[in-house]
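What follows is a single structure, written as structure tokens, with notes after it.
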Amino acid sequence: MTLVNTTFHVHTSVNDLFIKWVQAIYIPKAMECGQFSKPLFSRIMMQVDPEATSYAVQLQASSHTEAEAWHDSMGTQLKDALAREVGERVLHFTTYMEIIE
């Protein structure tokens, strides 16, 4: 199993918009593809920048190949659309992790 973790650093001016986007667009689109399970949306409790909050979106996939294919296509399209709306007020990076059971 692969865990796809995307961490977002969100400026306070777009915080509410970002939360709605994750809940209404990003996670539902990821779940529509049928490759992911157990979505988790979390706020990172350590705050480095007083004008921003960090969040993590985690999705479980049965294979790294499927996870990477979704991320490189639909995931990138969704994040690009958000960037067109908010510019650099939301930054992100993605990490793939192997789930050890």
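Just remember, in the structure tokens the first chain shown is A, the second B, etc., residues are 1-based per chain, and ligands are 1-based in the order shown.
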Q. So which residues touch Ala61 of chain A within 8 Å, counting only C-alpha atoms, skipping near sequence neighbours fewer than 3 positions away, as a ChimeraX atom specification?
A. /A:1-4,35-37,64,66-67
Selected residues, N, CA, C and O atoms, written as a compact mmCIF listing (two decimals), in the first residue's frame, please.
# COMPACT_ATOMS: atom_id res chain seq x y z
N MET A 1 0.84 -1.18 0.00
CA MET A 1 0.00 0.00 0.00
C MET A 1 0.89 1.25 0.00
O MET A 1 1.94 1.27 0.62
N THR A 2 0.41 2.26 -0.68
CA THR A 2 1.12 3.53 -0.77
C THR A 2 0.27 4.64 -0.18
O THR A 2 -0.93 4.71 -0.42
N LEU A 3 0.89 5.48 0.59
CA LEU A 3 0.23 6.66 1.13
C LEU A 3 0.76 7.86 0.37
O LEU A 3 1.97 8.08 0.28
N VAL A 4 -0.16 8.62 -0.21
CA VAL A 4 0.20 9.85 -0.91
C VAL A 4 -0.08 11.00 0.05
O VAL A 4 -1.23 11.22 0.44
N GLN A 35 -9.13 4.83 -7.12
CA GLN A 35 -7.81 4.30 -6.78
C GLN A 35 -7.43 4.54 -5.32
O GLN A 35 -6.46 3.97 -4.84
N PHE A 36 -8.16 5.41 -4.65
CA PHE A 36 -7.79 5.79 -3.29
C PHE A 36 -8.84 5.37 -2.27
O PHE A 36 -10.01 5.21 -2.59
N SER A 37 -8.40 5.24 -1.04
CA SER A 37 -9.29 5.00 0.08
C SER A 37 -8.77 5.79 1.28
O SER A 37 -7.66 6.32 1.26
N HIS A 64 1.84 2.13 -5.84
CA HIS A 64 2.58 3.37 -6.06
C HIS A 64 2.35 3.88 -7.48
O HIS A 64 2.18 5.09 -7.70
N GLU A 66 -0.29 3.56 -9.48
CA GLU A 66 -1.60 4.22 -9.60
C GLU A 66 -1.61 5.58 -8.91
O GLU A 66 -2.15 6.55 -9.43
N ALA A 67 -1.01 5.63 -7.74
CA ALA A 67 -0.98 6.88 -6.99
C ALA A 67 -0.21 7.95 -7.75
O ALA A 67 -0.65 9.09 -7.87
Q. Which polymer residues have any atom within 8 Å of an atom of segment 17-27 of chain A, counting only C-alpha atoms, with same-chain residues fewer than 2 positions away left out, as an MDAnalysis selection string?
A. chainID A and resid 10 14:15 29:31 39 75 78
Q: List every residue of segment 15-92 of chain A that DSSP, applied to the backbone of this structure, assigns to helix (DSSP H, G or I), and report them as an NGL selection string.
A: :A and (15-32 or 64-89)
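Restricting the calculation to only C-alpha atoms, the smallest distance between Met97 of chain A and any of A:Glu68, A:Asp49, A:Glu85, A:Asp16 is found for A:Glu68.
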Q | Residues within 9 Å of Ser13 of chain A, only C-alpha atoms, excluding chain neighbours under 5 positions, as a ChimeraX atom specification | A | /A:51-52,89
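Proximity of A:Cys33, A:Met46, A:His11, A:Val86 to Trp70 of chain A, computed with only C-alpha atoms, is greatest for A:Cys33.
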Q. Excluding same-chain residues fewer than 3 positions from Asn5 of chain A, what lies within 12 Å of it counting only C-alpha atoms, as number ranges by chain?
A. A: 2, 8, 39-42, 55-61, 67-68, 71, 75, 92-99
File dump, residues just selected, N, CA, C and O atoms, as a short mmCIF file (atom, residue, chain, number, x, y, z; two decimals), in the first residue's frame:
data_model
loop_
_atom_site.label_atom_id
_atom_site.label_comp_id
_atom_site.auth_asym_id
_atom_site.auth_seq_id
_atom_site.Cartn_x
_atom_site.Cartn_y
_atom_site.Cartn_z
N THR A 2 0.41 2.26 -0.68
CA THR A 2 1.12 3.53 -0.77
C THR A 2 0.27 4.64 -0.18
O THR A 2 -0.93 4.71 -0.42
N PHE A 8 0.40 21.23 2.27
CA PHE A 8 0.09 22.55 1.74
C PHE A 8 0.43 23.59 2.78
O PHE A 8 0.12 23.43 3.96
N PRO A 39 -9.32 8.83 2.84
CA PRO A 39 -8.77 10.19 2.78
C PRO A 39 -8.69 10.80 4.18
O PRO A 39 -9.55 10.55 5.03
N LEU A 40 -7.64 11.55 4.40
CA LEU A 40 -7.45 12.21 5.68
C LEU A 40 -6.96 13.63 5.43
O LEU A 40 -6.00 13.84 4.68
N PHE A 41 -7.64 14.61 6.03
CA PHE A 41 -7.29 16.02 5.88
C PHE A 41 -6.95 16.54 7.27
O PHE A 41 -7.79 16.52 8.17
N SER A 42 -5.71 16.98 7.46
CA SER A 42 -5.24 17.38 8.79
C SER A 42 -4.56 18.73 8.77
O SER A 42 -3.93 19.10 7.79
N TYR A 55 -1.24 22.25 6.13
CA TYR A 55 -2.20 21.14 6.14
C TYR A 55 -1.59 19.96 5.40
O TYR A 55 -0.72 20.14 4.55
N ALA A 56 -2.10 18.77 5.69
CA ALA A 56 -1.72 17.57 4.96
C ALA A 56 -2.97 16.87 4.48
O ALA A 56 -3.96 16.75 5.23
N VAL A 57 -2.95 16.44 3.22
CA VAL A 57 -4.00 15.59 2.68
C VAL A 57 -3.34 14.25 2.38
O VAL A 57 -2.35 14.19 1.65
N GLN A 58 -3.90 13.20 2.98
CA GLN A 58 -3.34 11.87 2.78
C GLN A 58 -4.38 10.96 2.14
O GLN A 58 -5.54 10.96 2.55
N LEU A 59 -3.94 10.20 1.15
CA LEU A 59 -4.80 9.26 0.44
C LEU A 59 -4.07 7.93 0.34
O LEU A 59 -2.88 7.90 0.00
N GLN A 60 -4.76 6.83 0.62
CA GLN A 60 -4.16 5.51 0.48
C GLN A 60 -4.46 4.95 -0.90
O GLN A 60 -5.58 5.05 -1.39
N ALA A 61 -3.46 4.35 -1.51
CA ALA A 61 -3.62 3.71 -2.83
C ALA A 61 -3.07 2.29 -2.74
O ALA A 61 -2.16 2.01 -1.96
N ALA A 67 -1.01 5.63 -7.74
CA ALA A 67 -0.98 6.88 -6.99
C ALA A 67 -0.21 7.95 -7.75
O ALA A 67 -0.65 9.09 -7.87
N GLU A 68 0.94 7.58 -8.27
CA GLU A 68 1.76 8.53 -9.01
C GLU A 68 1.07 8.98 -10.30
O GLU A 68 1.12 10.16 -10.65
N HIS A 71 -1.61 11.48 -9.30
CA HIS A 71 -0.99 12.73 -8.86
C HIS A 71 -0.44 13.53 -10.04
O HIS A 71 -0.60 14.74 -10.10
N GLY A 75 -4.26 15.19 -10.09
CA GLY A 75 -3.79 15.93 -8.92
C GLY A 75 -3.09 17.22 -9.30
O GLY A 75 -3.33 18.28 -8.71
N HIS A 92 2.86 23.80 -2.07
CA HIS A 92 2.63 22.39 -1.73
C HIS A 92 3.80 21.52 -2.18
O HIS A 92 4.59 21.92 -3.04
N PHE A 93 3.89 20.35 -1.58
CA PHE A 93 4.80 19.31 -2.03
C PHE A 93 4.17 17.96 -1.69
O PHE A 93 3.37 17.86 -0.77
N THR A 94 4.52 16.94 -2.46
CA THR A 94 3.93 15.62 -2.28
C THR A 94 5.01 14.60 -1.98
O THR A 94 6.09 14.62 -2.58
N THR A 95 4.70 13.70 -1.06
CA THR A 95 5.59 12.62 -0.67
C THR A 95 4.82 11.31 -0.79
O THR A 95 3.68 11.22 -0.35
N TYR A 96 5.46 10.31 -1.37
CA TYR A 96 4.89 8.97 -1.45
C TYR A 96 5.52 8.14 -0.34
O TYR A 96 6.75 8.13 -0.21
N MET A 97 4.71 7.41 0.40
CA MET A 97 5.21 6.61 1.51
C MET A 97 4.67 5.19 1.41
O MET A 97 3.50 5.00 1.06
N GLU A 98 5.51 4.24 1.73
CA GLU A 98 5.07 2.84 1.76
C GLU A 98 4.49 2.56 3.14
O GLU A 98 5.12 2.85 4.17
N ILE A 99 3.27 2.02 3.16
CA ILE A 99 2.63 1.67 4.42
C ILE A 99 3.17 0.31 4.85
O ILE A 99 3.09 -0.66 4.10
#
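Compared by their closest atoms to Thr53 of chain A, and using only C-alpha atoms, the residues A:Thr12, A:Thr6, A:Arg84, A:Asp72 rank with A:Thr12 nearest.
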Q: Have a look at atom CA of Asp80 of chain A and atom CA of Thr7 of chain A and let me know their distance in Å, one decimal.
A: 14.9 Å
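Distance check against Arg43 of chain A using only C-alpha atoms: of A:His9, A:Met74, A:Pro28, A:Ser62, the minimum falls on A:His9.
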(Q) Report, in Å to a single decimal, how far apart atom CA of Ser63 of chain A and atom CA of Leu82 of chain A are. (A) 26.4 Å
